[in-house]
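Undergrad: I have a structure here, written as structure tokens, and I will follow up with some questions on it.
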Amino acid sequence: MALGVLAAVNLLIFAAHRGSQGQDNPGAPLPAEIESLVPVPGSVIRPQEDVGADLEDTYTGALFLDDHRIPEDQTKIVLGLGQVSFRPGPNKEITVLRPGNHHATILYWPQDKGDEDAARQAGALKSYTWQFTAG
């Protein structure tokens, strides 16, 4: 069972990197399913600001920050609005963003496809990566 969980995590990381079109071309338009990103790609933010994505209302997702998946219980997900975000702080794995460059990835799928494993099997799992700086 542990091997299955490890394989699933590795697939998530692979999918996150495979869909990283935003990282190589910061001026590229966002995919249609992504309404906005926080922070805006290429911007400079304070070390405790939100990181996330506002997806179409029928989508949900998971966040990765510097290749580390943010635990679901530390992620704010508003299903009715398609919002997925994380704010560093006390009692979280990331208490503050270290100064310097970072990259975030939103792994997303239609809510009607169920969880990310079901979305992967249906071929509906997508990702987008962007960069920002914490100062």
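Every chain in the structure tokens has a letter given in the order shown (A, B, ...), and although residue numbers restart at 1 in each chain, ligands are simply numbered from 1 in the order shown.
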Find the residues near Val38 of chain A: any atom within 8 Å, counting only C-alpha atoms, skip ones fewer than 5 places away on the same chain, and give them as a PyMOL selection string.

TA: chain A and resi 50-53

Undergrad: Report as a list in words all protein, DNA and RNA residues lying within 12 Å of Gly123 of chain A, evaluated on only C-alpha atoms, omitting residues in the same chain fewer than 4 positions from it.

TA: Ala15, Tyr108, Trp109, Pro110, Lys113, Glu116, Asp117, Ala118 and Ala119 of chain A

Undergrad: Export N, CA, C and O atoms of the chosen residues as a PDB file, in the first residue's frame?

TA:
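Contents of selection18.pdb, as written:
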ATOM      1  N   ALA A  15       3.102  15.040 -13.297  1.00  0.00           N
ATOM      2  CA  ALA A  15       2.039  15.779 -13.992  1.00  0.00           C
ATOM      3  C   ALA A  15       2.184  17.275 -13.784  1.00  0.00           C
ATOM      4  O   ALA A  15       1.959  18.068 -14.699  1.00  0.00           O
ATOM      5  N   TYR A 108      -4.999  20.848 -11.504  1.00  0.00           N
ATOM      6  CA  TYR A 108      -6.445  21.080 -11.456  1.00  0.00           C
ATOM      7  C   TYR A 108      -7.210  20.102 -12.340  1.00  0.00           C
ATOM      8  O   TYR A 108      -6.664  19.525 -13.265  1.00  0.00           O
ATOM      9  N   TRP A 109      -8.504  19.957 -11.996  1.00  0.00           N
ATOM     10  CA  TRP A 109      -9.374  19.024 -12.698  1.00  0.00           C
ATOM     11  C   TRP A 109     -10.827  19.434 -12.464  1.00  0.00           C
ATOM     12  O   TRP A 109     -11.136  20.139 -11.500  1.00  0.00           O
ATOM     13  N   PRO A 110     -11.748  18.997 -13.349  1.00  0.00           N
ATOM     14  CA  PRO A 110     -13.170  19.304 -13.153  1.00  0.00           C
ATOM     15  C   PRO A 110     -13.690  18.623 -11.884  1.00  0.00           C
ATOM     16  O   PRO A 110     -13.360  17.464 -11.610  1.00  0.00           O
ATOM     17  N   LYS A 113     -15.273  15.161 -12.020  1.00  0.00           N
ATOM     18  CA  LYS A 113     -14.428  13.980 -12.252  1.00  0.00           C
ATOM     19  C   LYS A 113     -14.001  13.346 -10.937  1.00  0.00           C
ATOM     20  O   LYS A 113     -13.273  12.360 -10.929  1.00  0.00           O
ATOM     21  N   GLU A 116      -8.423  13.666  -7.609  1.00  0.00           N
ATOM     22  CA  GLU A 116      -7.374  13.758  -8.633  1.00  0.00           C
ATOM     23  C   GLU A 116      -7.040  12.415  -9.257  1.00  0.00           C
ATOM     24  O   GLU A 116      -6.666  12.350 -10.426  1.00  0.00           O
ATOM     25  N   ASP A 117      -7.193  11.312  -8.511  1.00  0.00           N
ATOM     26  CA  ASP A 117      -6.943   9.997  -9.103  1.00  0.00           C
ATOM     27  C   ASP A 117      -7.971   9.689 -10.186  1.00  0.00           C
ATOM     28  O   ASP A 117      -7.626   9.190 -11.257  1.00  0.00           O
ATOM     29  N   ALA A 118      -9.232  10.003  -9.917  1.00  0.00           N
ATOM     30  CA  ALA A 118     -10.275   9.788 -10.920  1.00  0.00           C
ATOM     31  C   ALA A 118     -10.058  10.695 -12.128  1.00  0.00           C
ATOM     32  O   ALA A 118     -10.236  10.277 -13.270  1.00  0.00           O
ATOM     33  N   ALA A 119      -9.641  11.940 -11.870  1.00  0.00           N
ATOM     34  CA  ALA A 119      -9.388  12.876 -12.967  1.00  0.00           C
ATOM     35  C   ALA A 119      -8.217  12.395 -13.819  1.00  0.00           C
ATOM     36  O   ALA A 119      -8.242  12.506 -15.043  1.00  0.00           O
TER      37      ALA A 119
END

Undergrad: Please determine, counting only C-alpha atoms, which residue among A:Glu49, A:Asp67, A:Glu33, A:Asp57 has the shortest atom-to-atom distance to Ala104 of chain A.

TA: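 That would be A:Asp67, the residue with the smallest distance to Ala104 of chain A.
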
Undergrad: Check the smallest atom-to-atom distance from each of A:Ser43, A:Gln121, A:Gln131, A:Asn91 to Ile106 of chain A using only C-alpha atoms, then report the winner.

TA: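 Selected residue with least distance to Ile106 of chain A: A:Gln131.
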
Undergrad: Which polymer residues have any atom within 7 Å of an atom of Gly82 of chain A, counting only C-alpha atoms, with same-chain residues fewer than 2 positions away left out, as a list in words?

TA: Asp54, Leu55, Glu56, Asp57, Thr58, Tyr59, Thr60, Val78, Leu79, Gly80 and Val84 of chain A

Undergrad: Could the residues in this selection be written to a file with C-alpha atoms, as a PDB file, in the first residue's frame?

TA:
ATOM      1  CA  ASP A  54      -8.854  31.163  -9.069  1.00  0.00           C
ATOM      2  CA  LEU A  55     -10.137  28.486 -11.426  1.00  0.00           C
ATOM      3  CA  GLU A  56     -13.381  28.280 -13.330  1.00  0.00           C
ATOM      4  CA  ASP A  57     -16.146  27.641 -10.810  1.00  0.00           C
ATOM      5  CA  THR A  58     -16.499  23.984 -11.863  1.00  0.00           C
ATOM      6  CA  TYR A  59     -12.820  23.147 -11.204  1.00  0.00           C
ATOM      7  CA  THR A  60     -10.812  22.279  -8.106  1.00  0.00           C
ATOM      8  CA  VAL A  78     -13.736  27.165  -2.081  1.00  0.00           C
ATOM      9  CA  LEU A  79     -15.495  24.677  -4.373  1.00  0.00           C
ATOM     10  CA  GLY A  80     -18.340  26.945  -5.469  1.00  0.00           C
ATOM     11  CA  VAL A  84      -7.477  27.091  -4.237  1.00  0.00           C
TER      12      VAL A  84
END

Undergrad: Using only C-alpha atoms for the distances, tell me which of A:Ile70, A:Leu81, A:Ala124, A:Leu97 is nearest to Glu35 of chain A.

TA: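 Under the stated criterion, the closest residue is A:Leu81.
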
Undergrad: Hey, which of A:Gln48, A:Gln111, A:Thr129, A:Asn101 ends up closest to Leu63 of chain A? Count only C-alpha atoms.

TA: A:Thr129

Undergrad: Show which residues sit within 12 Å of Ile94 of chain A, as a ChimeraX atom specification. Count only C-alpha atoms, and ignore same-chain residues fewer than 5 positions away.

TA: /A:47-51,64-66,68-71,74-75,86-89

Undergrad: Which value, in Å to one decimal, gives the distance between atom CA of Pro99 of chain A and atom CA of Thr133 of chain A?

TA: 7.2 Å

Undergrad: Looking only at the backbone, which of the residues in segment 48-129 of chain A does DSSP tag as alpha helix (DSSP H), as a list in words?

TA: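 Reading the DSSP output for segment 48-129 of chain A, alpha helix (DSSP H) covers Glu116, Asp117, Ala118, Ala119, Arg120 and Gln121 of chain A.
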
Undergrad: Can you work out the spacing between atom CA of Pro39 of chain A and atom CA of Ser85 of chain A in Å, to one decimal?

TA: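 Distance between the two atoms: 10.4 Å.
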
Undergrad: Can you tell me, as a VMD selection string, which residues in chain A count as strand (DSSP E or B) by DSSP?

TA: chain A and resid 34 to 38 44 to 45 51 to 55 59 to 65 68 to 69 76 to 78 83 to 86 100 to 110 126 to 134

Undergrad: Taking only C-alpha atoms into account, name the residue in A:Ala134, A:Ile77, A:Gly61, A:Thr95 that is nearest to Leu107 of chain A.

TA: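 Among the listed residues, A:Gly61 lies closest to Leu107 of chain A.
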
Undergrad: Just the number, please: distance in Å from atom CA of Arg46 of chain A to atom CA of Gly135 of chain A, one decimal.

TA: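 Rounded to one decimal, the two atoms are 5.6 Å apart.
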